[in-house]
Structures are given as structure tokens and as C-alpha cells.
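Text of target38.cif (mmCIF, C-alpha atoms) as supplied:
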```
data_query
loop_
_atom_site.group_PDB
_atom_site.id
_atom_site.type_symbol
_atom_site.label_atom_id
_atom_site.label_comp_id
_atom_site.auth_asym_id
_atom_site.auth_seq_id
_atom_site.Cartn_x
_atom_site.Cartn_y
_atom_site.Cartn_z
ATOM 1 C CA MET A 877 22.671 76.933 -62.154
ATOM 2 C CA LYS A 878 24.525 80.225 -61.824
ATOM 3 C CA LEU A 879 27.623 81.021 -59.796
ATOM 4 C CA GLY A 880 27.459 83.952 -57.390
ATOM 5 C CA VAL A 881 29.062 85.323 -54.242
ATOM 6 C CA PHE A 882 27.965 86.597 -50.840
ATOM 7 C CA THR A 883 29.518 90.033 -51.191
ATOM 8 C CA VAL A 884 30.294 90.755 -47.518
ATOM 9 C CA LEU A 885 33.899 89.658 -48.171
ATOM 10 C CA PHE A 886 34.266 92.770 -50.376
ATOM 11 C CA ALA A 887 33.203 95.218 -47.670
ATOM 12 C CA ASP A 888 36.232 97.424 -48.369
ATOM 13 C CA TYR A 889 35.043 98.000 -51.946
ATOM 14 C CA THR A 890 32.377 100.449 -53.036
ATOM 15 C CA PHE A 891 29.190 98.989 -54.481
ATOM 16 C CA GLU A 892 30.367 99.668 -58.027
ATOM 17 C CA GLU A 893 33.877 98.318 -57.370
ATOM 18 C CA MET A 894 32.391 95.156 -55.877
ATOM 19 C CA LEU A 895 30.155 94.629 -58.906
ATOM 20 C CA ASP A 896 33.117 95.141 -61.254
ATOM 21 C CA LYS A 897 35.129 92.545 -59.339
ATOM 22 C CA VAL A 898 32.281 90.037 -59.509
ATOM 23 C CA GLN A 899 31.859 90.663 -63.233
ATOM 24 C CA GLU A 900 35.590 90.297 -63.885
ATOM 25 C CA ALA A 901 35.556 86.937 -62.075
ATOM 26 C CA GLY A 902 32.912 85.694 -64.508
ATOM 27 C CA LEU A 903 30.145 85.385 -61.907
ATOM 28 C CA HIS A 904 26.497 86.079 -62.629
ATOM 29 C CA ALA A 905 24.920 86.736 -59.230
ATOM 30 C CA VAL A 906 25.447 88.591 -55.977
ATOM 31 C CA GLU A 907 24.006 87.989 -52.523
ATOM 32 C CA ILE A 908 24.011 91.293 -50.638
ATOM 33 C CA GLY A 909 23.993 91.931 -46.900
ATOM 34 C CA THR A 910 21.426 94.408 -45.612
ATOM 35 C CA GLY A 911 22.264 94.566 -41.907
ATOM 36 C CA CYS A 912 22.765 92.742 -38.567
ATOM 37 C CA TYR A 913 25.759 90.355 -38.634
ATOM 38 C CA PRO A 914 26.549 90.806 -42.385
ATOM 39 C CA ASN A 915 26.227 94.611 -42.113
ATOM 40 C CA ASN A 916 24.974 96.661 -45.060
ATOM 41 C CA HIS A 917 28.103 97.990 -46.785
ATOM 42 C CA HIS A 918 26.541 97.542 -50.234
ATOM 43 C CA CYS A 919 22.896 98.208 -49.443
ATOM 44 C CA PRO A 920 21.650 101.527 -47.989
ATOM 45 C CA LEU A 921 18.428 99.872 -46.864
ATOM 46 C CA ASP A 922 16.418 102.884 -45.671
ATOM 47 C CA GLU A 923 17.466 105.045 -48.610
ATOM 48 C CA LEU A 924 16.374 102.389 -51.099
ATOM 49 C CA LEU A 925 13.063 101.829 -49.359
ATOM 50 C CA GLU A 926 12.261 105.535 -49.439
ATOM 51 C CA SER A 927 12.999 106.219 -53.113
ATOM 52 C CA ALA A 928 11.851 104.407 -56.248
ATOM 53 C CA GLU A 929 14.440 106.378 -58.209
ATOM 54 C CA ALA A 930 17.231 105.218 -55.881
ATOM 55 C CA ARG A 931 16.059 101.634 -56.287
ATOM 56 C CA GLU A 932 16.070 101.953 -60.069
ATOM 57 C CA ARG A 933 19.613 103.367 -60.092
ATOM 58 C CA TYR A 934 20.753 100.642 -57.709
ATOM 59 C CA LYS A 935 19.244 97.849 -59.782
ATOM 60 C CA LYS A 936 20.579 99.294 -63.052
ATOM 61 C CA LYS A 937 24.150 99.183 -61.755
ATOM 62 C CA VAL A 938 23.672 95.456 -61.226
ATOM 63 C CA THR A 939 21.856 94.566 -64.437
ATOM 64 C CA ASP A 940 24.133 96.698 -66.639
ATOM 65 C CA ARG A 941 26.938 94.298 -65.706
ATOM 66 C CA GLY A 942 24.912 91.203 -66.588
ATOM 67 C CA ILE A 943 24.464 90.330 -62.910
ATOM 68 C CA THR A 944 21.398 89.465 -60.847
ATOM 69 C CA ILE A 945 20.785 89.723 -57.103
ATOM 70 C CA SER A 946 20.194 86.150 -55.927
ATOM 71 C CA ALA A 947 19.255 87.130 -52.370
ATOM 72 C CA PHE A 948 19.440 89.769 -49.689
ATOM 73 C CA SER A 949 20.857 88.580 -46.363
ATOM 74 C CA CYS A 950 20.278 89.942 -42.874
ATOM 75 C CA HIS A 951 21.473 87.252 -40.470
ATOM 76 C CA GLY A 952 20.507 88.233 -36.926
ATOM 77 C CA ASN A 953 18.522 86.834 -33.996
ATOM 78 C CA PRO A 954 14.918 88.070 -34.071
ATOM 79 C CA ILE A 955 13.918 86.020 -31.000
ATOM 80 C CA SER A 956 16.940 86.952 -28.906
ATOM 81 C CA PRO A 957 16.281 87.719 -25.218
ATOM 82 C CA GLU A 958 18.477 90.771 -25.764
ATOM 83 C CA ASP A 959 15.650 93.126 -26.658
ATOM 84 C CA SER A 960 17.657 95.664 -28.633
ATOM 85 C CA PHE A 961 19.198 93.057 -30.956
ATOM 86 C CA ALA A 962 15.901 91.192 -31.354
ATOM 87 C CA LYS A 963 14.252 94.470 -32.357
ATOM 88 C CA GLU A 964 17.066 95.342 -34.775
ATOM 89 C CA SER A 965 16.970 91.857 -36.306
ATOM 90 C CA ASN A 966 13.202 91.890 -36.744
ATOM 91 C CA GLU A 967 13.057 95.404 -38.190
ATOM 92 C CA THR A 968 15.947 94.755 -40.571
ATOM 93 C CA LEU A 969 14.388 91.485 -41.729
ATOM 94 C CA ARG A 970 11.018 93.104 -42.444
ATOM 95 C CA LYS A 971 12.628 95.999 -44.274
ATOM 96 C CA THR A 972 14.751 93.576 -46.279
ATOM 97 C CA ILE A 973 11.701 91.545 -47.304
ATOM 98 C CA LYS A 974 10.005 94.736 -48.428
ATOM 99 C CA LEU A 975 13.049 95.827 -50.454
ATOM 100 C CA ALA A 976 13.361 92.360 -52.002
ATOM 101 C CA SER A 977 9.737 92.606 -53.071
ATOM 102 C CA PHE A 978 10.298 96.028 -54.646
ATOM 103 C CA LEU A 979 13.363 94.834 -56.579
ATOM 104 C CA GLY A 980 12.093 91.394 -57.552
ATOM 105 C CA VAL A 981 14.673 89.547 -55.448
ATOM 106 C CA PRO A 982 13.083 86.177 -54.642
ATOM 107 C CA VAL A 983 14.923 85.185 -51.448
ATOM 108 C CA VAL A 984 15.916 86.750 -48.137
ATOM 109 C CA ASN A 985 18.466 84.750 -46.116
ATOM 110 C CA CYS A 986 18.692 84.847 -42.321
ATOM 111 C CA PHE A 987 18.927 82.752 -39.157
ATOM 112 C CA SER A 988 15.976 81.283 -37.286
ATOM 113 C CA GLY A 989 17.265 82.762 -34.045
ATOM 114 C CA THR A 990 17.690 81.353 -30.542
ATOM 115 C CA ALA A 991 15.660 82.398 -27.529
ATOM 116 C CA GLY A 992 16.627 82.430 -23.870
ATOM 117 C CA ASP A 993 15.483 79.747 -21.436
ATOM 118 C CA HIS A 994 12.655 81.796 -19.839
ATOM 119 C CA GLU A 995 10.939 85.174 -20.239
ATOM 120 C CA ASP A 996 13.451 87.086 -18.129
ATOM 121 C CA ALA A 997 16.578 85.527 -19.660
ATOM 122 C CA LYS A 998 19.437 87.823 -20.635
ATOM 123 C CA HIS A 999 21.244 85.608 -23.169
ATOM 124 C CA PRO A 1000 20.334 83.002 -25.815
ATOM 125 C CA ASN A 1001 20.384 79.344 -24.764
ATOM 126 C CA TRP A 1002 21.032 76.601 -27.366
ATOM 127 C CA PRO A 1003 20.155 73.175 -25.885
ATOM 128 C CA VAL A 1004 22.125 70.335 -27.506
ATOM 129 C CA ALA A 1005 21.277 67.389 -25.231
ATOM 130 C CA SER A 1006 17.988 65.788 -24.188
ATOM 131 C CA TRP A 1007 19.163 65.036 -20.655
ATOM 132 C CA PRO A 1008 19.168 66.334 -17.972
ATOM 133 C CA ASN A 1009 15.464 66.800 -18.664
ATOM 134 C CA GLU A 1010 15.595 70.539 -18.058
ATOM 135 C CA TYR A 1011 17.180 70.963 -21.495
ATOM 136 C CA GLY A 1012 14.182 69.348 -23.150
ATOM 137 C CA ASP A 1013 11.853 71.615 -21.169
ATOM 138 C CA VAL A 1014 13.819 74.655 -22.338
ATOM 139 C CA LEU A 1015 13.704 73.545 -25.964
ATOM 140 C CA LYS A 1016 9.945 72.907 -25.844
ATOM 141 C CA TRP A 1017 9.353 76.365 -24.355
ATOM 142 C CA GLN A 1018 11.579 78.027 -26.953
ATOM 143 C CA TRP A 1019 9.764 76.415 -29.872
ATOM 144 C CA GLU A 1020 6.210 76.830 -28.582
ATOM 145 C CA LYS A 1021 6.486 80.304 -27.071
ATOM 146 C CA LYS A 1022 9.100 82.004 -29.244
ATOM 147 C CA LEU A 1023 10.184 80.299 -32.479
ATOM 148 C CA ILE A 1024 6.884 79.098 -33.971
ATOM 149 C CA PRO A 1025 4.829 82.217 -33.120
ATOM 150 C CA TYR A 1026 7.490 84.524 -34.568
ATOM 151 C CA TRP A 1027 7.928 82.619 -37.826
ATOM 152 C CA LYS A 1028 4.201 82.090 -38.312
ATOM 153 C CA GLU A 1029 3.745 85.836 -38.459
ATOM 154 C CA LEU A 1030 6.970 86.526 -40.354
ATOM 155 C CA GLY A 1031 6.236 83.758 -42.863
ATOM 156 C CA MET A 1032 2.862 85.312 -43.643
ATOM 157 C CA TYR A 1033 4.571 88.692 -44.071
ATOM 158 C CA ALA A 1034 7.045 87.152 -46.535
ATOM 159 C CA GLN A 1035 4.268 85.397 -48.455
ATOM 160 C CA LYS A 1036 2.366 88.666 -48.704
ATOM 161 C CA HIS A 1037 5.433 90.204 -50.377
ATOM 162 C CA ASN A 1038 6.060 87.162 -52.612
ATOM 163 C CA VAL A 1039 9.455 86.534 -51.006
ATOM 164 C CA LYS A 1040 10.922 83.255 -49.760
ATOM 165 C CA ILE A 1041 12.932 82.976 -46.528
ATOM 166 C CA GLY A 1042 16.197 80.992 -46.619
ATOM 167 C CA LEU A 1043 17.093 79.934 -43.078
ATOM 168 C CA GLU A 1044 20.741 78.985 -42.759
ATOM 169 C CA LEU A 1045 21.134 75.676 -40.920
ATOM 170 C CA HIS A 1046 23.741 77.057 -38.553
ATOM 171 C CA GLY A 1047 24.715 75.575 -35.207
ATOM 172 C CA GLY A 1048 23.836 77.868 -32.310
ATOM 173 C CA PHE A 1049 20.345 78.529 -33.682
ATOM 174 C CA LEU A 1050 17.181 76.516 -33.148
ATOM 175 C CA VAL A 1051 16.876 75.630 -36.832
ATOM 176 C CA HIS A 1052 20.175 73.943 -37.685
ATOM 177 C CA THR A 1053 19.328 70.564 -39.258
ATOM 178 C CA PRO A 1054 17.015 69.295 -42.013
ATOM 179 C CA TYR A 1055 14.669 67.985 -39.294
ATOM 180 C CA THR A 1056 14.375 71.308 -37.454
ATOM 181 C CA LEU A 1057 13.880 73.185 -40.740
ATOM 182 C CA LEU A 1058 11.077 70.877 -41.871
ATOM 183 C CA LYS A 1059 9.517 70.908 -38.400
ATOM 184 C CA LEU A 1060 9.335 74.708 -38.424
ATOM 185 C CA ARG A 1061 8.121 74.759 -42.038
ATOM 186 C CA GLU A 1062 5.305 72.350 -41.124
ATOM 187 C CA GLN A 1063 4.241 74.627 -38.264
ATOM 188 C CA THR A 1064 4.416 77.828 -40.340
ATOM 189 C CA CYS A 1065 4.294 78.006 -44.157
ATOM 190 C CA ASP A 1066 6.099 77.086 -47.374
ATOM 191 C CA ALA A 1067 7.761 80.498 -47.578
ATOM 192 C CA ILE A 1068 10.149 79.109 -44.959
ATOM 193 C CA GLY A 1069 12.964 77.046 -46.482
ATOM 194 C CA ALA A 1070 16.708 76.548 -46.311
ATOM 195 C CA ASN A 1071 19.699 78.562 -47.347
ATOM 196 C CA LEU A 1072 21.672 75.330 -47.475
ATOM 197 C CA ASP A 1073 25.317 75.697 -46.465
ATOM 198 C CA PRO A 1074 27.186 72.357 -46.406
ATOM 199 C CA SER A 1075 29.929 73.766 -44.182
ATOM 200 C CA HIS A 1076 27.560 73.724 -41.184
ATOM 201 C CA LEU A 1077 26.262 70.258 -42.005
ATOM 202 C CA TRP A 1078 29.691 68.620 -42.142
ATOM 203 C CA TRP A 1079 30.690 69.621 -38.618
ATOM 204 C CA GLN A 1080 27.359 68.342 -37.294
ATOM 205 C CA GLY A 1081 28.011 64.936 -38.899
ATOM 206 C CA ILE A 1082 25.342 65.413 -41.601
ATOM 207 C CA ASP A 1083 26.012 64.296 -45.180
ATOM 208 C CA PRO A 1084 25.170 67.308 -47.409
ATOM 209 C CA VAL A 1085 24.083 65.122 -50.340
ATOM 210 C CA ALA A 1086 21.590 63.332 -48.092
ATOM 211 C CA ALA A 1087 20.408 66.670 -46.685
ATOM 212 C CA ILE A 1088 19.847 67.997 -50.207
ATOM 213 C CA LYS A 1089 17.683 64.982 -51.039
ATOM 214 C CA ILE A 1090 15.665 65.319 -47.826
ATOM 215 C CA LEU A 1091 14.974 69.020 -48.291
ATOM 216 C CA ALA A 1092 14.660 69.166 -52.073
ATOM 217 C CA LYS A 1093 11.959 66.493 -52.038
ATOM 218 C CA GLU A 1094 9.926 69.002 -50.016
ATOM 219 C CA ASN A 1095 10.870 71.892 -52.311
ATOM 220 C CA ALA A 1096 12.498 73.416 -49.239
ATOM 221 C CA ILE A 1097 15.854 74.640 -50.623
ATOM 222 C CA HIS A 1098 15.546 78.328 -51.461
ATOM 223 C CA HIS A 1099 19.245 79.229 -51.761
ATOM 224 C CA PHE A 1100 22.677 77.585 -51.502
ATOM 225 C CA HIS A 1101 25.958 78.716 -49.910
ATOM 226 C CA ALA A 1102 29.273 77.324 -51.160
ATOM 227 C CA LYS A 1103 31.632 77.030 -48.203
ATOM 228 C CA ASP A 1104 33.779 74.103 -47.099
ATOM 229 C CA THR A 1105 34.819 72.703 -43.715
ATOM 230 C CA TYR A 1106 37.996 70.881 -42.776
ATOM 231 C CA LEU A 1107 37.486 68.275 -40.039
ATOM 232 C CA ASP A 1108 40.594 67.542 -37.960
ATOM 233 C CA GLN A 1109 40.008 64.105 -36.422
ATOM 234 C CA GLU A 1110 42.896 64.438 -33.962
ATOM 235 C CA ASN A 1111 41.411 67.649 -32.597
ATOM 236 C CA ILE A 1112 37.893 66.196 -32.684
ATOM 237 C CA ASN A 1113 39.159 63.456 -30.386
ATOM 238 C CA MET A 1114 40.191 66.150 -27.906
ATOM 239 C CA TYR A 1115 37.470 68.801 -28.218
ATOM 240 C CA GLY A 1116 34.490 67.130 -29.889
ATOM 241 C CA LEU A 1117 32.411 68.695 -32.646
ATOM 242 C CA THR A 1118 30.882 71.345 -30.378
ATOM 243 C CA ASP A 1119 34.316 72.952 -30.127
ATOM 244 C CA MET A 1120 34.115 76.360 -28.423
ATOM 245 C CA GLN A 1121 37.618 77.558 -29.320
ATOM 246 C CA PRO A 1122 37.843 80.814 -31.304
ATOM 247 C CA TYR A 1123 37.969 80.358 -35.082
ATOM 248 C CA ARG A 1124 41.483 81.805 -35.098
ATOM 249 C CA ASN A 1125 42.812 78.753 -33.192
ATOM 250 C CA VAL A 1126 43.214 76.821 -36.430
ATOM 251 C CA GLN A 1127 45.937 74.472 -35.151
ATOM 252 C CA THR A 1128 43.805 73.095 -32.339
ATOM 253 C CA ARG A 1129 40.218 73.520 -33.533
ATOM 254 C CA ALA A 1130 38.195 70.385 -34.283
ATOM 255 C CA TRP A 1131 36.906 71.931 -37.500
ATOM 256 C CA THR A 1132 37.653 75.015 -39.569
ATOM 257 C CA PHE A 1133 35.834 76.733 -42.410
ATOM 258 C CA ARG A 1134 37.738 76.518 -45.692
ATOM 259 C CA SER A 1135 37.402 77.625 -49.289
ATOM 260 C CA VAL A 1136 35.636 75.205 -51.628
ATOM 261 C CA GLY A 1137 37.785 72.125 -52.281
ATOM 262 C CA CYS A 1138 40.080 72.663 -49.301
ATOM 263 C CA GLY A 1139 38.049 70.616 -46.822
ATOM 264 C CA HIS A 1140 36.372 68.069 -49.081
ATOM 265 C CA ASP A 1141 37.403 67.003 -52.548
ATOM 266 C CA LEU A 1142 35.705 68.142 -55.729
ATOM 267 C CA LYS A 1143 34.064 64.730 -56.179
ATOM 268 C CA GLU A 1144 31.974 65.465 -53.085
ATOM 269 C CA TRP A 1145 31.207 68.960 -54.342
ATOM 270 C CA SER A 1146 30.324 67.573 -57.769
ATOM 271 C CA ASP A 1147 27.976 65.086 -56.110
ATOM 272 C CA MET A 1148 26.213 68.013 -54.414
ATOM 273 C CA MET A 1149 25.821 69.893 -57.692
ATOM 274 C CA SER A 1150 24.449 66.780 -59.387
ATOM 275 C CA THR A 1151 22.032 66.103 -56.535
ATOM 276 C CA LEU A 1152 20.793 69.684 -56.553
ATOM 277 C CA ARG A 1153 20.077 69.415 -60.293
ATOM 278 C CA THR A 1154 18.529 65.946 -59.977
ATOM 279 C CA TYR A 1155 16.134 67.073 -57.261
ATOM 280 C CA GLY A 1156 15.082 70.328 -58.891
ATOM 281 C CA TYR A 1157 17.314 73.097 -57.532
ATOM 282 C CA ASP A 1158 18.499 75.144 -60.508
ATOM 283 C CA TYR A 1159 19.249 78.474 -58.882
ATOM 284 C CA VAL A 1160 22.391 80.201 -57.605
ATOM 285 C CA ILE A 1161 25.456 78.677 -55.913
ATOM 286 C CA SER A 1162 26.650 81.580 -53.756
ATOM 287 C CA ILE A 1163 30.292 81.532 -52.606
ATOM 288 C CA GLU A 1164 30.847 82.450 -48.956
ATOM 289 C CA HIS A 1165 34.467 83.046 -47.968
ATOM 290 C CA GLU A 1166 35.453 82.514 -44.327
ATOM 291 C CA ASP A 1167 38.776 80.704 -44.778
ATOM 292 C CA PRO A 1168 41.146 81.743 -41.932
ATOM 293 C CA ILE A 1169 44.393 80.729 -43.662
ATOM 294 C CA MET A 1170 43.802 82.367 -47.058
ATOM 295 C CA SER A 1171 43.517 85.977 -48.110
ATOM 296 C CA ILE A 1172 40.135 87.161 -49.342
ATOM 297 C CA ASP A 1173 41.316 87.218 -52.956
ATOM 298 C CA GLU A 1174 43.000 83.818 -52.868
ATOM 299 C CA GLY A 1175 40.119 82.108 -51.093
ATOM 300 C CA PHE A 1176 37.600 83.687 -53.449
ATOM 301 C CA LYS A 1177 39.558 82.799 -56.575
ATOM 302 C CA ARG A 1178 40.088 79.223 -55.359
ATOM 303 C CA ALA A 1179 36.346 78.790 -54.833
ATOM 304 C CA VAL A 1180 35.531 80.302 -58.240
ATOM 305 C CA LYS A 1181 38.070 78.121 -60.027
ATOM 306 C CA ASN A 1182 36.946 74.912 -58.340
ATOM 307 C CA LEU A 1183 33.222 75.533 -58.690
ATOM 308 C CA LYS A 1184 33.500 76.445 -62.369
ATOM 309 C CA THR A 1185 34.835 72.945 -63.062
ATOM 310 C CA ILE A 1186 31.792 71.219 -61.542
ATOM 311 C CA LEU A 1187 28.870 73.640 -61.883
ATOM 312 C CA ILE A 1188 26.035 72.380 -64.079
ATOM 313 C CA GLU A 1189 25.044 75.465 -66.045
ATOM 314 C CA GLU A 1190 23.097 74.275 -69.082
ATOM 315 C CA SER A 1191 19.685 72.613 -69.224
ATOM 316 C CA PRO A 1192 19.856 68.862 -69.785
ATOM 317 C CA SER A 1193 19.577 67.660 -73.353
ATOM 318 C CA GLN A 1194 17.205 65.032 -74.630
ATOM 319 C CA MET A 1195 18.235 61.469 -73.852
ATOM 320 C CA TRP A 1196 19.174 60.855 -77.483
ATOM 321 C CA TRP A 1197 20.907 57.615 -76.558
ATOM 322 C CA THR A 1198 17.735 55.856 -75.341
#
```

Here is a file; write its structure as C-alpha cells.
Amino acid sequence: MKLGVFTVLFADYTFEEMLDKVQEAGLHAVEIGTGCYPNNHHCPLDELLESAEARERYKKKVTDRGITISAFSCHGNPISPEDSFAKESNETLRKTIKLASFLGVPVVNCFSGTAGDHEDAKHPNWPVASWPNEYGDVLKWQWEKKLIPYWKELGMYAQKHNVKIGLELHGGFLVHTPYTLLKLREQTCDAIGANLDPSHLWWQGIDPVAAIKILAKENAIHHFHAKDTYLDQENINMYGLTDMQPYRNVQTRAWTFRSVGCGHDLKEWSDMMSTLRTYGYDYVISIEHEDPIMSIDEGFKRAVKNLKTILIEESPSQMWWT
């Protein structure tokens, strides 16, 4: 496995400055945002698509530093009832897949999206309960009329370009659990898999090690995000796990994103690394920093330090002792 970083936290740096910082930290991979929520500070998408020379210069700046691009990321909502954002998300995703194909980047990360509750809806609707029965009707309509048709076509487009799609299992979107990921994959194609981020599993009550086993057995983990979550049981008792308070309300929130090792101990993180290796994932562990009580540098360095102690980098040796 290799250690990398989702470079949106270094948006204030130029592309070259960001790469130098990653190299200095001893990392070997970068995950780069291309638009929508992550923005595209380090990836002039249209310029790179238009010019083979620009792509070659771009790639050389990465490889000259001994770094690879693990994934491009364009998290948006391609099935949003807000037409302008759905169009932006879809166009950015397709362009990103095309650029990934040109540059030999194997994975594009994104969200599955969330539709409205009917054709004329103005906002996304994320049902989280099976009763009253209307919620189930909404969910069925969303999957059958919006989610599956979109990802059937998009999955074929990705396959055509030899690119895998890593859907982040993020609450608020229709694909947010191992079950919903595998359900969509069954209805579409194997290009659809997970960008597995344990931080979103913990607050849903899902054990990340168990999720890794479930998904890896289906060869459905395409990428991995390293981000932690602190669960505050006292606040959970008040607000529940579907806490709608702003992320800045750290004192009262039921859960808060943290740097690796600040929500769960390194034994749990080590168990995840071991399970990934055991079940066949030997790709990049990409640090994502969204810790509200640490600076960018401190949160990043903490994650790097902690992950370097548990990352399994070398291939296993022969079992000489048997």
C-alpha cells in the first residue's frame, strides 16, 4: 500500500508547491479535485483535455517527484433536481473520466447523488426511515427512475474509458452503506465500486473492518480515504446520529470529523490496514483532512505520522516458519 493525500486541503498552494509539500512529507500519491464540491485548484480540467502537451507537462511534474495520481475526484450530485448543478456534476464527471483515461489514472471518486421526491422537485430528498410509507415510495422512485438509469449509462462510459468509479459512502446520498453500494453495482456494472471512507461509516454505526470484508469480497473497493470521526455519546443522547448542527458546533455535535487517530485508536486503524491487505486491497490510503480543531498542517502531519506507523507497504514474505 502507498500513502497519499486528497490535495484539496492545500488549495492555497500552487500545483508545484503542493507537490513539493507532499514529497517532503514522504508521501507517494495524490488525489486531485477536478471540480464541483472539491473545486479544481490543482487541475485545469478543460485545458488538460484540449492539449496533449499540457497533459504531458502536468504528468511530468508529478512523476518527477516520485509521485503518482491515485485518483481524480469530482464530488457533486449528478441526479440533483437542481438542473444547473446536476448538469455541472455530470459534465465534470464525464470530463474527469476522460482525463483520467488520458493520463492513466485508474479511479475517479464522486458521490452517487440524491434526487428529489418527484419530477418537479426543487431540492434533494434523502429518505432515512421506512415509515410513514411515503418515504419508501420516494426511495423506490429515486432508485428506479433516477439513480439506476444514470449510473447504468455512466458506468458504461467509465468502462469504455477503462476507469473505475469510487463512490464515497456518504450520508445524504442514496449510496451510503455497503448494501446500497452493492445494490447499485448489481444493477449497473463492476466499474462502480467504493471510495471507502471509515469516517462516514462510524457515524452510521457501521464497523469499518466489517464493511471492508463485505466489499472487498466483491472486489468493490476502488479507493480508500483516511479520515477519522469522534463520537460524543453525551451529545448522541441529545441529538442522535443524524445530527443537523453545523460542523463548527464541535462542543454540541453528536459526531465530528477528526484527523487519523483522534477519534479511534491506532489499533482500530491497524485492523483496517490488515483487513484491506488480507482481502486484496493493495492500493493507496489517501488522507482527507477535515478536522475542525486542528490547523491544516497539524492535522495533516498527525495523520501522516500515525498512518506511517501502521501502513503495510511491502509485499508479504514466504511463510518460512511453516

To one decimal place, how far is CA of Ala1096 in chain A from CA of Leu1045 in chain A in Å?
-> 12.2 Å

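Neighbours of Tyr1033 in chain A closer than or equal to 12 Å, with all atoms listed in the file counted and sequence neighbours fewer than 2 positions away skipped, come out as Asn966, Leu969, Arg970, Lys971, Thr972, Ile973, Lys974, Ser977, Tyr1026, Trp1027, Lys1028, Glu1029, Leu1030, Gly1031, Gln1035, Lys1036, His1037, Asn1038, Val1039, Lys1040, Ile1041, Thr1064, Cys1065, Ala1067 and Ile1068 of chain A.
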
Pull C-alpha atoms from the residues just selected and write them as a CSV table (one decimal), keeping the file's coordinate frame.
```csv
chain,number,residue,atom,x,y,z
A,966,ASN,CA,13.2,91.9,-36.7
A,969,LEU,CA,14.4,91.5,-41.7
A,970,ARG,CA,11.0,93.1,-42.4
A,971,LYS,CA,12.6,96.0,-44.3
A,972,THR,CA,14.8,93.6,-46.3
A,973,ILE,CA,11.7,91.5,-47.3
A,974,LYS,CA,10.0,94.7,-48.4
A,977,SER,CA,9.7,92.6,-53.1
A,1026,TYR,CA,7.5,84.5,-34.6
A,1027,TRP,CA,7.9,82.6,-37.8
A,1028,LYS,CA,4.2,82.1,-38.3
A,1029,GLU,CA,3.7,85.8,-38.5
A,1030,LEU,CA,7.0,86.5,-40.4
A,1031,GLY,CA,6.2,83.8,-42.9
A,1035,GLN,CA,4.3,85.4,-48.5
A,1036,LYS,CA,2.4,88.7,-48.7
A,1037,HIS,CA,5.4,90.2,-50.4
A,1038,ASN,CA,6.1,87.2,-52.6
A,1039,VAL,CA,9.5,86.5,-51.0
A,1040,LYS,CA,10.9,83.3,-49.8
A,1041,ILE,CA,12.9,83.0,-46.5
A,1064,THR,CA,4.4,77.8,-40.3
A,1065,CYS,CA,4.3,78.0,-44.2
A,1067,ALA,CA,7.8,80.5,-47.6
A,1068,ILE,CA,10.1,79.1,-45.0
```

From the list A:Lys1103, A:Lys963, A:His1098, A:Arg931, the nearest residue to Pro1084 in chain A using all atoms listed in the file is A:Lys1103

List as a tab-separated table (two decimals) with C-alpha atoms, in the frame of the given file the protein and nucleic acid residues near Leu903 in chain A, meaning an atom at most 8 Å away when only C-alpha atoms are counted, but skip any in the same chain fewer than 4 places from it.
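Writing the result to part-v9.tsv gives the following:
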```tsv
chain	number	residue	atom	x	y	z
A	878	LYS	CA	24.52	80.22	-61.82
A	879	LEU	CA	27.62	81.02	-59.80
A	880	GLY	CA	27.46	83.95	-57.39
A	881	VAL	CA	29.06	85.32	-54.24
A	898	VAL	CA	32.28	90.04	-59.51
A	899	GLN	CA	31.86	90.66	-63.23
A	943	ILE	CA	24.46	90.33	-62.91
```

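When only C-alpha atoms are used to measure the gap to Trp1017 in chain A, the shortest distance among A:Ser1193, A:Asn1111, A:Ser1146, A:Asn1001 belongs to A:Asn1001.
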
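Look at everything within 9 Å of (14.7, 80.2, -40.6) using all atoms listed in the file, and the residues you get are Asn985, Cys986, Phe987, Ser988, Gly989, Trp1027, Ile1041, Gly1042, Leu1043, Glu1044, Leu1045, Leu1050, Val1051, His1052, Leu1057, Leu1060, Arg1061, Ile1068, Gly1069, Ala1070 and Asn1071 of chain A.
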
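Compared by their closest atoms to Val1136 in chain A, and using all atoms listed in the file, the residues A:Glu893, A:Glu923, A:Glu1166, A:Glu929 rank with A:Glu1166 nearest.
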